[in-house]
Protein chains: 2
Amino acid sequence: MDHAVASWVRLLRGHAALRRLVSTQLQANHGLTVSEYEALLLLEEADGHRLRGVDLVAGLALTPSGVTRLLDRLRKLGLVERATCEGDARVAYAVLLDAGHARVRQAACGHVAAIRAVFAERYTDIELGQLAELLGRLPGASGSVCPAESTASIAGAAPPVPCSD
Amino acid sequence: MDHAVASWVRLLRGHAALRRLVSTQLQANHGLTVSEYEALLLLEEADGHRLRGVDLVAGLALTPSGVTRLLDRLRKLGLVERATCEGDARVAYAVLLDAGHARVRQAACGHVAAIRAVFAERYTDIELGQLAELLGRLPGASGSVCPAESTASIAGAAPPVPCSD
DNA sequence: AGGGTATACTTGACTGGTCAACAATATAGC
DNA sequence: GCTATATTGTTGACCAGTCAAGTATACCCT
């Protein structure tokens, strides 16, 4: 029995099912994708309701171009605007507008309720604590992502077997 | 702190990071996406090395059209072929070809090694058992192909090739 | 047998995201 | 100061997957 592989498979399946569920609810009720919602949430929690693109790259699990496109959409929706950083001309702040603030507040309520419902019917409080703790140890699951280190570990793991490649 | 929401967020992040790692390794070494690999694996384990599209829809976490497109790709790669079902003219079997058999055997090796590496450096065996069990309760996480215990068969599948890891 | 519904799969239009290449700015070392 | 390198972000080409709609077959009911 291989619990690592089992965990991986279930993580894949569980993620897909859960995300589809939440995504449908979020899209239907508030016209937001999961990533858009999470971006707004990060912005709301951020100091001055603004973040650099690079912070969103770390906070969401996206690539820089993904974030650029995400912000394009949010800007087109009128939920966010750009601002320059006087200290560093490279950065383009994303600033939460009032409309974005309102939208995320609306969405958060149903979103959190939906998630709680899914989890509450499957786990006890104690199990939820365990689950959160365990998932928090996954790469990138807590704090900022460190792709360099992780890829290195994978790259090192790939060829330990004479797999003809 | 809300453990349900925390779990959800970490599931999102962890899934994204992990999938990217595994996907990179699989793509670089064997030219397969995660879904393609998993489809081949399901086919290899299936009776007669063939499955209906609908079984793949259940076994992978995809929509029917996603599976159609996935099989298009695998067919173009020469790893799989179509077959009709004499009992039911609606179904289009996907049949694993020898090339597909070979490919998935090669890939399984490095794939499993990569996953074990990621998990082994973060969890004890006991924790892995817990994690697998908890994740198994997520919606769709235990979704299976024909037999009820097929997740276990994927998870516990001995690497199809003697894999020295 | 015939009509209605459910199942299995495909197709076209689209979307959210990736990657590679790039431009611009910042930082460090000589 | 001045070049080399790193950081921040954008763009074009592309890709895997979704959704809505459609085709074809199977099943059920009277």
# chains A, B, ... in the order shown; residues from 1 in each chain; ligands from 1
call {"tool": "residues_around", "arguments": {"residues": "D:DG9", "least_positions_apart": "6", "cutoff": "12 Å", "atoms": "only C-alpha atoms (C1' of nucleotides)", "output": "PyMOL selection string"}}
result
(chain A and resi 52-54+57+63-69+71+84+89-93) or (chain C and resi 22-25)
call {"tool": "write_last_selection", "arguments": {"atoms": "C-alpha atoms (C1' of nucleotides)", "output": "mmCIF file, in the first residue's frame"}}
result
data_model
loop_
_atom_site.group_PDB
_atom_site.id
_atom_site.type_symbol
_atom_site.label_atom_id
_atom_site.label_comp_id
_atom_site.auth_asym_id
_atom_site.auth_seq_id
_atom_site.Cartn_x
_atom_site.Cartn_y
_atom_site.Cartn_z
ATOM 1 C CA ARG A 52 2.278 44.039 -6.452
ATOM 2 C CA GLY A 53 1.793 41.515 -9.180
ATOM 3 C CA VAL A 54 4.597 39.494 -7.763
ATOM 4 C CA VAL A 57 1.946 35.358 -8.047
ATOM 5 C CA THR A 63 2.548 32.321 -13.075
ATOM 6 C CA PRO A 64 3.304 35.987 -13.748
ATOM 7 C CA SER A 65 1.459 35.940 -17.038
ATOM 8 C CA GLY A 66 -1.497 34.302 -15.387
ATOM 9 C CA VAL A 67 -1.618 37.176 -12.930
ATOM 10 C CA THR A 68 -1.338 39.753 -15.691
ATOM 11 C CA ARG A 69 -4.336 38.222 -17.367
ATOM 12 C CA LEU A 71 -5.768 41.523 -13.421
ATOM 13 C CA THR A 84 2.445 52.763 -10.126
ATOM 14 C CA ALA A 89 9.045 51.850 -11.589
ATOM 15 C CA ARG A 90 8.871 48.168 -12.477
ATOM 16 C CA VAL A 91 6.000 47.297 -10.226
ATOM 17 C CA ALA A 92 2.378 47.740 -11.165
ATOM 18 C CA TYR A 93 0.193 47.750 -8.111
ATOM 19 C "C1'" DC C 22 10.840 40.273 -24.422
ATOM 20 C "C1'" DA C 23 11.156 45.200 -22.405
ATOM 21 C "C1'" DA C 24 12.080 47.972 -18.673
ATOM 22 C "C1'" DT C 25 13.888 48.935 -14.322
#
call {"tool": "calpha_fit_rmsd", "arguments": {"fixed": "chain A", "moving": "chain B"}}
result
12.5 Å
call {"tool": "closest_residue", "arguments": {"among": "D:DC15, D:DA21, D:DA26, D:DA6", "to": "chain B", "atoms": "only C-alpha atoms (C1' of nucleotides)"}}
result
D:DA26
call {"tool": "closest_residue", "arguments": {"among": "D:DA13, D:DT7, D:DG1, D:DT18", "to": "chain B", "atoms": "only C-alpha atoms (C1' of nucleotides)"}}
result
D:DT18
call {"tool": "residues_around", "arguments": {"residues": "A:Leu134", "least_positions_apart": "6", "cutoff": "9 Å", "atoms": "only C-alpha atoms (C1' of nucleotides)", "output": "JSON, numbers by chain"}}
result
{"B": [7, 122, 123, 127, 128, 130, 131]}
call {"tool": "atom_distance", "arguments": {"atom1": "atom CA of A:Leu56", "atom2": "atom CA of A:Leu43"}}
result
8.7 Å
call {"tool": "select_by_dssp", "arguments": {"residues": "chain B", "states": "alpha helix (DSSP H)", "output": "MDAnalysis selection string"}}
result
chainID B and resid 3:30 34:45 53:59 64:76 98:120 125:136 150:156
